[in-house]
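Report on the following structure.
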Amino acid sequence: MDSLKLEIKRLLIEALDLEHLTPADIDDDAPLFDTDGVGLDSIDALEIGIVLRQHYQLTIAADDEDVRGHFRSIDTLAALVAGHRDESEALETTAGKGIES
């Protein structure tokens, strides 16, 4: 999971033009949308959604009540992506078995 967190940090730094930050500057559990954390805003949240869709084929419904929790920190984003990967792999495994006759 550490490599996933590093990857997400790099993606966010690039996508949000945060050149003043390095991955080491962003604590895994630091709030992304708080002035005591990274200090991102609502426009940045939209960009994060786009990055997640492009890189991880992850779609988040606008009416998903858990969005705020998922976007809270690098830890929560990594858990979201990892959970999506696990779901996708399980579906692929089930679909790959097919119906045997």
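Residues in the structure tokens are named by chain (A, B, ... in the order shown) and by number from 1 within that chain; ligands are numbered from 1 in the order shown.
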Practice problem: List every residue of range 17-58 of chain A that DSSP, applied to the backbone of this structure, assigns to helix (DSSP H, G or I), and report them as a VMD selection string. | Solution: chain A and resid 23 to 25 42 to 56
Contacts of Glu7 in chain A at 12 Å or less, counting only C-alpha atoms, minus same-chain residues fewer than 3 places along, as a PDB file with N, CA and C atoms, in the first residue's frame?
```
ATOM      1  N   MET A   1       0.832  -1.193   0.000  1.00  0.00           N
ATOM      2  CA  MET A   1       0.000   0.000   0.000  1.00  0.00           C
ATOM      3  C   MET A   1       0.874   1.254   0.000  1.00  0.00           C
ATOM      4  N   ASP A   2       2.089   1.172   0.540  1.00  0.00           N
ATOM      5  CA  ASP A   2       2.962   2.346   0.548  1.00  0.00           C
ATOM      6  C   ASP A   2       3.285   2.823  -0.862  1.00  0.00           C
ATOM      7  N   SER A   3       3.474   1.889  -1.785  1.00  0.00           N
ATOM      8  CA  SER A   3       3.759   2.296  -3.169  1.00  0.00           C
ATOM      9  C   SER A   3       2.539   2.962  -3.796  1.00  0.00           C
ATOM     10  N   LEU A   4       1.354   2.518  -3.429  1.00  0.00           N
ATOM     11  CA  LEU A   4       0.122   3.138  -3.921  1.00  0.00           C
ATOM     12  C   LEU A   4       0.001   4.567  -3.370  1.00  0.00           C
ATOM     13  N   ARG A  10       2.250  11.517  -5.973  1.00  0.00           N
ATOM     14  CA  ARG A  10       2.873  12.029  -7.200  1.00  0.00           C
ATOM     15  C   ARG A  10       1.824  12.489  -8.208  1.00  0.00           C
ATOM     16  N   LEU A  11       0.753  11.722  -8.349  1.00  0.00           N
ATOM     17  CA  LEU A  11      -0.318  12.099  -9.272  1.00  0.00           C
ATOM     18  C   LEU A  11      -0.954  13.422  -8.862  1.00  0.00           C
ATOM     19  N   LEU A  12      -1.203  13.585  -7.570  1.00  0.00           N
ATOM     20  CA  LEU A  12      -1.832  14.817  -7.102  1.00  0.00           C
ATOM     21  C   LEU A  12      -0.903  16.010  -7.261  1.00  0.00           C
ATOM     22  N   ILE A  13       0.364  15.840  -6.956  1.00  0.00           N
ATOM     23  CA  ILE A  13       1.328  16.930  -7.111  1.00  0.00           C
ATOM     24  C   ILE A  13       1.374  17.387  -8.561  1.00  0.00           C
ATOM     25  N   GLU A  14       1.379  16.430  -9.477  1.00  0.00           N
ATOM     26  CA  GLU A  14       1.419  16.778 -10.904  1.00  0.00           C
ATOM     27  C   GLU A  14       0.093  17.392 -11.369  1.00  0.00           C
ATOM     28  N   THR A  22       6.783  17.951  -2.230  1.00  0.00           N
ATOM     29  CA  THR A  22       7.286  16.646  -2.644  1.00  0.00           C
ATOM     30  C   THR A  22       6.398  15.605  -1.970  1.00  0.00           C
ATOM     31  N   PRO A  23       6.424  14.367  -2.418  1.00  0.00           N
ATOM     32  CA  PRO A  23       5.632  13.342  -1.736  1.00  0.00           C
ATOM     33  C   PRO A  23       5.946  13.249  -0.237  1.00  0.00           C
ATOM     34  N   ALA A  24       7.187  13.476   0.129  1.00  0.00           N
ATOM     35  CA  ALA A  24       7.568  13.415   1.540  1.00  0.00           C
ATOM     36  C   ALA A  24       6.927  14.535   2.366  1.00  0.00           C
ATOM     37  N   ASP A  28       0.683  10.926   5.145  1.00  0.00           N
ATOM     38  CA  ASP A  28      -0.378  10.029   4.683  1.00  0.00           C
ATOM     39  C   ASP A  28      -1.728  10.324   5.333  1.00  0.00           C
ATOM     40  N   VAL A  51      -8.465  12.636 -11.850  1.00  0.00           N
ATOM     41  CA  VAL A  51      -7.229  11.844 -11.789  1.00  0.00           C
ATOM     42  C   VAL A  51      -7.546  10.396 -11.425  1.00  0.00           C
ATOM     43  N   LEU A  52      -8.418  10.195 -10.450  1.00  0.00           N
ATOM     44  CA  LEU A  52      -8.782   8.834 -10.047  1.00  0.00           C
ATOM     45  C   LEU A  52      -9.458   8.084 -11.189  1.00  0.00           C
ATOM     46  N   HIS A  55      -6.594   7.368 -14.015  1.00  0.00           N
ATOM     47  CA  HIS A  55      -5.513   6.446 -13.682  1.00  0.00           C
ATOM     48  C   HIS A  55      -5.976   5.123 -13.095  1.00  0.00           C
ATOM     49  N   TYR A  56      -7.142   5.117 -12.471  1.00  0.00           N
ATOM     50  CA  TYR A  56      -7.594   3.900 -11.793  1.00  0.00           C
ATOM     51  C   TYR A  56      -8.967   3.424 -12.260  1.00  0.00           C
ATOM     52  N   ILE A  74      -4.454  11.060   2.076  1.00  0.00           N
ATOM     53  CA  ILE A  74      -3.812  10.075   1.196  1.00  0.00           C
ATOM     54  C   ILE A  74      -4.193   8.667   1.646  1.00  0.00           C
ATOM     55  N   ASP A  75      -4.226   8.438   2.962  1.00  0.00           N
ATOM     56  CA  ASP A  75      -4.621   7.123   3.482  1.00  0.00           C
ATOM     57  C   ASP A  75      -5.997   6.708   2.973  1.00  0.00           C
ATOM     58  N   LEU A  77      -7.698   7.932   0.370  1.00  0.00           N
ATOM     59  CA  LEU A  77      -7.697   7.771  -1.091  1.00  0.00           C
ATOM     60  C   LEU A  77      -7.091   6.426  -1.477  1.00  0.00           C
ATOM     61  N   ALA A  78      -5.994   6.050  -0.818  1.00  0.00           N
ATOM     62  CA  ALA A  78      -5.347   4.771  -1.123  1.00  0.00           C
ATOM     63  C   ALA A  78      -6.278   3.605  -0.777  1.00  0.00           C
ATOM     64  N   VAL A  81      -8.874   3.387  -3.581  1.00  0.00           N
ATOM     65  CA  VAL A  81      -8.311   2.808  -4.805  1.00  0.00           C
ATOM     66  C   VAL A  81      -8.058   1.309  -4.609  1.00  0.00           C
TER      67      VAL A  81
END
```
Quiz prompt | Within 12 Å of Gln57 in chain A using only C-alpha atoms, minus same-chain residues under 2 positions, as a PyMOL selection string | solution = chain A and resi 49-55+59-60+80-82+84-85+88
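Minimum atom-to-atom distances from A:Ile43, A:Ala62, A:Asp29, A:Thr76 to Ala15 in chain A were compared using only C-alpha atoms, and the lowest value belongs to A:Ile43.
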Exercise. Work out how far apart CA of Ala30 in chain A and CA of Glu89 in chain A are and give it in Å to one decimal.
Key: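 Atom-to-atom, CA of Ala30 in chain A and CA of Glu89 in chain A are spaced 29.2 Å apart.
Residue nearest Ser42 in chain A, chosen from A:Leu21, A:Ile26, A:Ile8, A:Leu16 and counting only C-alpha atoms: A:Leu16.
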Self-check item: Residue among A:Asp34, A:Glu47, A:Asp41, A:Glu87 lying closest to Ser73 in chain A, counting only C-alpha atoms
Solution: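 Checking each of A:Asp34, A:Glu47, A:Asp41, A:Glu87 against Ser73 in chain A, counting only C-alpha atoms, the winner is A:Asp34.
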